[in-house]
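Novice: If you scroll down you'll find the structure; I have some questions about it.
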Amino acid sequence: MTLKIYSFGGGQMVEAMLRAALKKGVITPKTAGVTDISSDRVNYLTDTYHIQASQRPDWTAVENADLVILGVRPQDNWQEIMKELVAHHYQKDVLSIIAGVTVAQLSSQEDLFAITRIIPNTLTDVAMGYSGVVKNDRANQTVIEDFLNSFGKVNYIDESLLDVFTGYGVAGPNYIYNFLISFTNAGVLAGMPRQQANKLALENLRAAAAFVEQSGKHPAELLDINNSAGG
């Protein structure tokens, strides 16, 4: 299924999501539209991805979209966008990545919208990692998941946990990056060439994660199995 998507805002997170969706064929350059106040950003998105980008909204494209993305900043006038969507009789799905703005706030002006709020993952280019997702009853789960699964996995959570999810789930790769740096440095300090130490660190991480997942065992149990008594 090819989706028609229109985004208000064309920042880096929106770009990452659209790039992954284009790669997976969930959208095409002809079915993806973006409006952004920055002419430089509009030119970049047009030249790089050949999508339909402009500084002013293309309301015909919006009205025909299966999914509208709110990709603006919290301090931007997202309320005006919602009013304009009402004025143009848009009644399909709205997906928000606006930090700190709740589903209730997004639907407060009109009870017409199918609202989904997400905290996107940061591993979109490898189509892995979970996005934290909250939706209201009107949201079209098929449309939402077709889009979100193009750049990772879907994790439905209570909206009260989104801040925790942001710090633990979305920022999770940062902890892993720091671990890999430290683990690689330990190998170098022990005398191993850095490139080889880095390869070993990556393979250990991949293999250990796969073993935990495939075995179904607790990591502490695997740790006990892996260590011989008395060394």
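The way I read the labels, and the way they are meant: chains A, B, ... in the order of the structure tokens, residue 1 as the first residue of every chain, and ligand 1 as the first ligand shown, with later ones counted on from there.
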Please extract the residues of region 2-148 of chain A with a backbone DSSP assignment of alpha helix (DSSP H) and present them as a PyMOL selection string.
Specialist: chain A and resi 12-24+39-49+59-64+78-87+103-106+141-148
Novice: Selected residues, N, CA and C atoms, written as a short mmCIF file (atom, residue, chain, number, x, y, z; two decimals), in the first residue's frame, please.
Specialist:
data_model
loop_
_atom_site.label_atom_id
_atom_site.label_comp_id
_atom_site.auth_asym_id
_atom_site.auth_seq_id
_atom_site.Cartn_x
_atom_site.Cartn_y
_atom_site.Cartn_z
N GLN A 12 14.80 17.64 10.66
CA GLN A 12 15.61 16.43 10.53
C GLN A 12 14.83 15.16 10.87
N MET A 13 13.95 15.23 11.89
CA MET A 13 13.20 14.03 12.26
C MET A 13 12.20 13.66 11.18
N VAL A 14 11.51 14.65 10.65
CA VAL A 14 10.59 14.39 9.54
C VAL A 14 11.36 13.84 8.35
N GLU A 15 12.49 14.44 8.05
CA GLU A 15 13.31 13.96 6.94
C GLU A 15 13.70 12.50 7.13
N ALA A 16 14.12 12.14 8.34
CA ALA A 16 14.54 10.76 8.61
C ALA A 16 13.39 9.78 8.40
N MET A 17 12.19 10.16 8.86
CA MET A 17 11.03 9.28 8.69
C MET A 17 10.67 9.13 7.22
N LEU A 18 10.64 10.24 6.49
CA LEU A 18 10.30 10.19 5.08
C LEU A 18 11.35 9.44 4.27
N ARG A 19 12.62 9.64 4.62
CA ARG A 19 13.70 8.93 3.91
C ARG A 19 13.52 7.42 4.03
N ALA A 20 13.22 6.96 5.24
CA ALA A 20 13.02 5.52 5.46
C ALA A 20 11.78 5.01 4.74
N ALA A 21 10.70 5.80 4.79
CA ALA A 21 9.46 5.39 4.12
C ALA A 21 9.63 5.34 2.61
N LEU A 22 10.40 6.27 2.07
CA LEU A 22 10.71 6.25 0.64
C LEU A 22 11.53 5.02 0.28
N LYS A 23 12.49 4.70 1.11
CA LYS A 23 13.36 3.54 0.88
C LYS A 23 12.55 2.25 0.87
N LYS A 24 11.56 2.16 1.77
CA LYS A 24 10.73 0.96 1.86
C LYS A 24 9.60 0.94 0.83
N SER A 39 13.27 28.40 3.09
CA SER A 39 13.45 28.14 1.66
C SER A 39 14.63 27.20 1.43
N ASP A 40 15.67 27.33 2.25
CA ASP A 40 16.82 26.43 2.13
C ASP A 40 16.40 24.98 2.37
N ARG A 41 15.54 24.80 3.37
CA ARG A 41 15.08 23.45 3.70
C ARG A 41 14.19 22.89 2.58
N VAL A 42 13.33 23.73 2.06
CA VAL A 42 12.46 23.32 0.95
C VAL A 42 13.30 22.90 -0.26
N ASN A 43 14.29 23.70 -0.60
CA ASN A 43 15.15 23.38 -1.74
C ASN A 43 15.93 22.09 -1.50
N TYR A 44 16.41 21.93 -0.28
CA TYR A 44 17.18 20.72 0.06
C TYR A 44 16.31 19.47 -0.09
N LEU A 45 15.11 19.49 0.49
CA LEU A 45 14.22 18.32 0.44
C LEU A 45 13.80 18.00 -0.99
N THR A 46 13.55 19.04 -1.77
CA THR A 46 13.17 18.84 -3.17
C THR A 46 14.31 18.24 -3.97
N ASP A 47 15.50 18.81 -3.81
CA ASP A 47 16.66 18.35 -4.58
C ASP A 47 17.11 16.95 -4.15
N THR A 48 17.01 16.65 -2.85
CA THR A 48 17.53 15.39 -2.33
C THR A 48 16.57 14.22 -2.56
N TYR A 49 15.28 14.46 -2.32
CA TYR A 49 14.30 13.36 -2.35
C TYR A 49 13.26 13.51 -3.46
N TRP A 59 -2.85 22.82 -0.09
CA TRP A 59 -4.05 22.30 0.56
C TRP A 59 -4.75 21.22 -0.24
N THR A 60 -4.54 21.18 -1.53
CA THR A 60 -5.08 20.07 -2.32
C THR A 60 -4.40 18.76 -1.92
N ALA A 61 -3.08 18.83 -1.76
CA ALA A 61 -2.33 17.64 -1.32
C ALA A 61 -2.71 17.25 0.10
N VAL A 62 -2.92 18.25 0.96
CA VAL A 62 -3.33 17.96 2.34
C VAL A 62 -4.67 17.24 2.36
N GLU A 63 -5.63 17.75 1.62
CA GLU A 63 -6.98 17.19 1.61
C GLU A 63 -7.00 15.76 1.08
N ASN A 64 -6.05 15.43 0.21
CA ASN A 64 -5.99 14.08 -0.36
C ASN A 64 -5.10 13.13 0.42
N TRP A 78 1.05 25.47 16.16
CA TRP A 78 0.41 24.24 15.71
C TRP A 78 -1.11 24.33 15.82
N GLN A 79 -1.59 25.19 16.75
CA GLN A 79 -3.04 25.36 16.89
C GLN A 79 -3.66 25.89 15.60
N GLU A 80 -2.95 26.80 14.95
CA GLU A 80 -3.46 27.36 13.69
C GLU A 80 -3.52 26.29 12.61
N ILE A 81 -2.54 25.39 12.61
CA ILE A 81 -2.57 24.29 11.64
C ILE A 81 -3.82 23.44 11.85
N MET A 82 -4.13 23.13 13.11
CA MET A 82 -5.32 22.33 13.40
C MET A 82 -6.59 23.04 12.94
N LYS A 83 -6.66 24.35 13.15
CA LYS A 83 -7.82 25.12 12.69
C LYS A 83 -7.95 25.07 11.17
N GLU A 84 -6.81 25.17 10.50
CA GLU A 84 -6.83 25.13 9.04
C GLU A 84 -7.25 23.75 8.53
N LEU A 85 -6.84 22.71 9.23
CA LEU A 85 -7.26 21.36 8.84
C LEU A 85 -8.78 21.21 8.95
N VAL A 86 -9.34 21.80 10.01
CA VAL A 86 -10.80 21.79 10.17
C VAL A 86 -11.45 22.56 9.03
N ALA A 87 -10.90 23.73 8.73
CA ALA A 87 -11.47 24.59 7.69
C ALA A 87 -11.45 23.91 6.32
N VAL A 103 -2.31 14.30 23.25
CA VAL A 103 -3.41 13.95 22.35
C VAL A 103 -4.64 14.79 22.67
N ALA A 104 -4.91 14.99 23.96
CA ALA A 104 -6.06 15.80 24.37
C ALA A 104 -5.93 17.24 23.88
N GLN A 105 -4.73 17.81 23.97
CA GLN A 105 -4.51 19.17 23.48
C GLN A 105 -4.69 19.25 21.97
N LEU A 106 -4.21 18.26 21.27
CA LEU A 106 -4.31 18.26 19.81
C LEU A 106 -5.76 18.15 19.34
N GLN A 141 -5.36 2.40 12.66
CA GLN A 141 -4.17 1.67 13.08
C GLN A 141 -3.39 1.12 11.89
N THR A 142 -4.08 0.71 10.85
CA THR A 142 -3.40 0.16 9.67
C THR A 142 -2.52 1.21 9.00
N VAL A 143 -3.07 2.39 8.79
CA VAL A 143 -2.32 3.48 8.17
C VAL A 143 -1.12 3.86 9.03
N ILE A 144 -1.37 4.03 10.33
CA ILE A 144 -0.31 4.43 11.25
C ILE A 144 0.82 3.40 11.26
N GLU A 145 0.47 2.13 11.37
CA GLU A 145 1.51 1.10 11.46
C GLU A 145 2.22 0.88 10.13
N ASP A 146 1.51 1.03 9.02
CA ASP A 146 2.18 0.93 7.72
C ASP A 146 3.30 1.97 7.62
N PHE A 147 3.02 3.17 8.10
CA PHE A 147 4.03 4.23 8.05
C PHE A 147 5.14 4.00 9.08
N LEU A 148 4.75 3.78 10.34
CA LEU A 148 5.75 3.65 11.40
C LEU A 148 6.64 2.43 11.22
#
Novice: What's the 6 Å shell around Ala32 (chain A), counting only C-alpha atoms, without same-chain residues fewer than 2 positions away, as a PDB file with C-alpha atoms, in the first residue's frame?
Specialist:
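Output contents, as saved in result_21.pdb:
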ATOM      1  CA  ILE A   5       1.533  11.822   3.307  1.00  0.00           C
ATOM      2  CA  TYR A   6       1.798  15.538   3.951  1.00  0.00           C
ATOM      3  CA  PRO A  29       8.189  11.238  -4.177  1.00  0.00           C
ATOM      4  CA  LYS A  30       4.846  11.955  -5.836  1.00  0.00           C
ATOM      5  CA  ILE A  51       9.273  15.216  -3.023  1.00  0.00           C
TER       6      ILE A  51
END
Novice: Which neighbours of Gln75 (chain A) fall inside 10 Å, counting only C-alpha atoms, when residues of the same chain fewer than 2 positions from it are skipped, and could you give them as a list of chain:residue names?
Specialist: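 Residues meeting the cut-off are A:Val72, A:Arg73, A:Asn77, A:Trp78, A:Ile98, A:Ala99.
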Novice: Taking into account only C-alpha atoms, which residue in the set A:Tyr168, A:Phe151, A:Phe8, A:Tyr90 is nearest to Asp76 (chain A)?
Specialist: A:Phe8
Novice: Please return, as number ranges by chain, all residues of region 21-215 of chain A that DSSP assigns to strand (DSSP E or B) on the basis of the backbone.
Specialist: A: 32-35, 52-54, 67-70, 93-96, 114-119, 130-135, 153-156
Novice: Counting only C-alpha atoms, what is within 12 Å of Gln196 (chain A), bar same-chain residues fewer than 4 positions away, as a PyMOL selection string?
Specialist: chain A and resi 183-188+191-192+200-203
Novice: Only N, CA and C atoms, please: the residues just picked out, written as a compact mmCIF listing (two decimals), in the first residue's frame.
Specialist:
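Full text of selection.txt as output:
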# COMPACT_ATOMS: atom_id res chain seq x y z
N PHE A 183 34.18 -0.19 25.77
CA PHE A 183 34.61 -1.57 25.55
C PHE A 183 35.75 -1.63 24.54
N THR A 184 35.65 -0.83 23.48
CA THR A 184 36.71 -0.77 22.49
C THR A 184 37.99 -0.21 23.10
N ASN A 185 37.86 0.85 23.88
CA ASN A 185 39.03 1.45 24.52
C ASN A 185 39.71 0.46 25.47
N ALA A 186 38.92 -0.38 26.12
CA ALA A 186 39.50 -1.38 27.02
C ALA A 186 40.36 -2.37 26.23
N GLY A 187 39.87 -2.75 25.04
CA GLY A 187 40.66 -3.65 24.20
C GLY A 187 41.95 -3.00 23.73
N VAL A 188 41.87 -1.72 23.39
CA VAL A 188 43.06 -0.99 22.95
C VAL A 188 44.07 -0.88 24.09
N GLY A 191 46.14 -3.80 24.48
CA GLY A 191 47.12 -4.05 23.43
C GLY A 191 46.55 -4.43 22.08
N MET A 192 45.23 -4.47 21.95
CA MET A 192 44.62 -4.86 20.68
C MET A 192 44.51 -3.66 19.74
N LEU A 200 35.33 -6.67 17.47
CA LEU A 200 34.99 -7.63 18.52
C LEU A 200 33.88 -7.10 19.42
N ALA A 201 33.96 -5.82 19.75
CA ALA A 201 32.94 -5.22 20.61
C ALA A 201 31.57 -5.28 19.93
N LEU A 202 31.52 -4.92 18.65
CA LEU A 202 30.26 -4.95 17.90
C LEU A 202 29.71 -6.36 17.80
N GLU A 203 30.56 -7.34 17.50
CA GLU A 203 30.09 -8.71 17.35
C GLU A 203 29.61 -9.28 18.68
Novice: Give me the residues within 9 Å of Met1 (chain A) as an MDAnalysis selection string, counting only C-alpha atoms and dropping any in the same chain fewer than 6 places off.
Specialist: chainID A and resid 25:27 146
Novice: Keeping only N, CA and C atoms, take the residues you just selected and write them out as a compact mmCIF listing (two decimals), in the first residue's frame.
Specialist:
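Resulting contents of part-v3.txt:
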# COMPACT_ATOMS: atom_id res chain seq x y z
N GLY A 25 9.39 2.04 0.13
CA GLY A 25 8.32 2.10 -0.85
C GLY A 25 6.94 2.34 -0.27
N VAL A 26 6.89 2.72 1.00
CA VAL A 26 5.61 3.02 1.64
C VAL A 26 5.04 4.32 1.08
N ILE A 27 5.91 5.24 0.73
CA ILE A 27 5.54 6.46 0.02
C ILE A 27 6.43 6.60 -1.20
N ASP A 146 1.51 1.03 9.02
CA ASP A 146 2.18 0.93 7.72
C ASP A 146 3.30 1.97 7.62
Novice: Report, in Å with one decimal, the straight-line distance from CA of Asn155 (chain A) to CA of Asn121 (chain A).
Specialist: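 Between CA of Asn155 (chain A) and CA of Asn121 (chain A) the gap works out to 10.4 Å.
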Novice: Using CA of Asp158 (chain A) and CA of Ala220 (chain A) as the two end points, give the distance in Å to one decimal.
Specialist: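 A separation of 28.9 Å between them.
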Novice: Kindly indicate which residue among A:Tyr177, A:His50, A:Asp137, A:Ser96 lies nearest to Pro74 (chain A), using only C-alpha atoms for the distances.
Specialist: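 Among A:Tyr177, A:His50, A:Asp137, A:Ser96, it is A:Ser96 that comes nearest to Pro74 (chain A).
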Novice: Have a look at A:Asn227, A:Asn136, A:Asn204, A:Gln214 and name the one nearest to Phe179 (chain A); count only C-alpha atoms.
Specialist: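 Going through A:Asn227, A:Asn136, A:Asn204, A:Gln214 one by one, the smallest distance to Phe179 (chain A) is for A:Asn204.
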Novice: Find the residues near Ala114 (chain A): any atom within 7 Å, counting only C-alpha atoms, skip ones fewer than 2 places away on the same chain, and give them as a list of chain:residue names.
Specialist: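 Surrounding residues, per the criterion: A:Lys92, A:Asp93, A:Val94, A:Leu112, A:Thr116, A:Asn136, A:Arg138, A:Ala139.
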Novice: Export, as an mmCIF file, in the first residue's frame, the selected residues with N, CA and C atoms.
Specialist:
data_model
loop_
_atom_site.group_PDB
_atom_site.id
_atom_site.type_symbol
_atom_site.label_atom_id
_atom_site.label_comp_id
_atom_site.auth_asym_id
_atom_site.auth_seq_id
_atom_site.Cartn_x
_atom_site.Cartn_y
_atom_site.Cartn_z
ATOM 1 N N LYS A 92 -8.980 12.667 8.082
ATOM 2 C CA LYS A 92 -8.224 11.414 8.163
ATOM 3 C C LYS A 92 -7.221 11.511 9.317
ATOM 4 N N ASP A 93 -6.105 10.807 9.197
ATOM 5 C CA ASP A 93 -5.202 10.685 10.342
ATOM 6 C C ASP A 93 -4.206 11.830 10.458
ATOM 7 N N VAL A 94 -4.000 12.259 11.703
ATOM 8 C CA VAL A 94 -3.001 13.267 12.044
ATOM 9 C C VAL A 94 -1.990 12.612 12.971
ATOM 10 N N LEU A 112 -12.876 15.919 15.757
ATOM 11 C CA LEU A 112 -12.984 15.331 14.429
ATOM 12 C C LEU A 112 -11.772 14.487 14.073
ATOM 13 N N THR A 116 -2.714 10.533 16.434
ATOM 14 C CA THR A 116 -1.661 9.661 16.949
ATOM 15 C C THR A 116 -0.475 10.540 17.317
ATOM 16 N N ASN A 136 -5.723 7.996 19.719
ATOM 17 C CA ASN A 136 -7.105 7.991 20.178
ATOM 18 C C ASN A 136 -7.899 6.944 19.404
ATOM 19 N N ARG A 138 -10.112 7.107 17.185
ATOM 20 C CA ARG A 138 -10.412 7.369 15.778
ATOM 21 C C ARG A 138 -9.252 7.011 14.845
ATOM 22 N N ALA A 139 -8.069 6.875 15.394
ATOM 23 C CA ALA A 139 -6.882 6.657 14.562
ATOM 24 C C ALA A 139 -6.994 5.356 13.768
#
Novice: In Å to one decimal, how far is CA of Leu3 (chain A) from CA of His89 (chain A)?
Specialist: 19.1 Å
Novice: For Tyr156 (chain A), find every residue with an atom within 9 Å (counting only C-alpha atoms), except residues of its own chain fewer than 2 positions away, and show them as a PDB file with N, CA and C atoms, in the first residue's frame.
Specialist:
ATOM      1  N   SER A 131       9.336   3.168  18.248  1.00  0.00           N
ATOM      2  CA  SER A 131       8.743   4.488  18.442  1.00  0.00           C
ATOM      3  C   SER A 131       7.659   4.346  19.503  1.00  0.00           C
ATOM      4  N   GLY A 132       7.617   5.290  20.444  1.00  0.00           N
ATOM      5  CA  GLY A 132       6.554   5.297  21.443  1.00  0.00           C
ATOM      6  C   GLY A 132       5.300   5.900  20.843  1.00  0.00           C
ATOM      7  N   VAL A 133       4.179   5.207  20.959  1.00  0.00           N
ATOM      8  CA  VAL A 133       2.963   5.598  20.240  1.00  0.00           C
ATOM      9  C   VAL A 133       1.761   5.677  21.174  1.00  0.00           C
ATOM     10  N   VAL A 134       1.019   6.783  21.058  1.00  0.00           N
ATOM     11  CA  VAL A 134      -0.254   6.975  21.759  1.00  0.00           C
ATOM     12  C   VAL A 134      -1.270   7.408  20.713  1.00  0.00           C
ATOM     13  N   LYS A 135      -2.449   6.798  20.708  1.00  0.00           N
ATOM     14  CA  LYS A 135      -3.455   7.178  19.717  1.00  0.00           C
ATOM     15  C   LYS A 135      -4.832   7.239  20.356  1.00  0.00           C
ATOM     16  N   VAL A 154       6.679  -0.524  16.463  1.00  0.00           N
ATOM     17  CA  VAL A 154       5.659   0.257  17.159  1.00  0.00           C
ATOM     18  C   VAL A 154       5.510  -0.246  18.586  1.00  0.00           C
ATOM     19  N   ASP A 158       1.210   4.041  27.497  1.00  0.00           N
ATOM     20  CA  ASP A 158       0.385   5.067  28.126  1.00  0.00           C
ATOM     21  C   ASP A 158       1.060   6.423  27.936  1.00  0.00           C
TER      22      ASP A 158
END
Novice: So, counting only C-alpha atoms, which residue among A:Ile118, A:Leu123, A:Pro173, A:Asp224 is closest to Ile157 (chain A)?
Specialist: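 Smallest separation from Ile157 (chain A) among the options: A:Ile118.
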Novice: Compare A:Ala209, A:Ala229, A:Asn198, A:Gly129 by their minimum atom-to-atom distance to Ala171 (chain A), counting only C-alpha atoms, and give me the closest one.
Specialist: A:Gly129
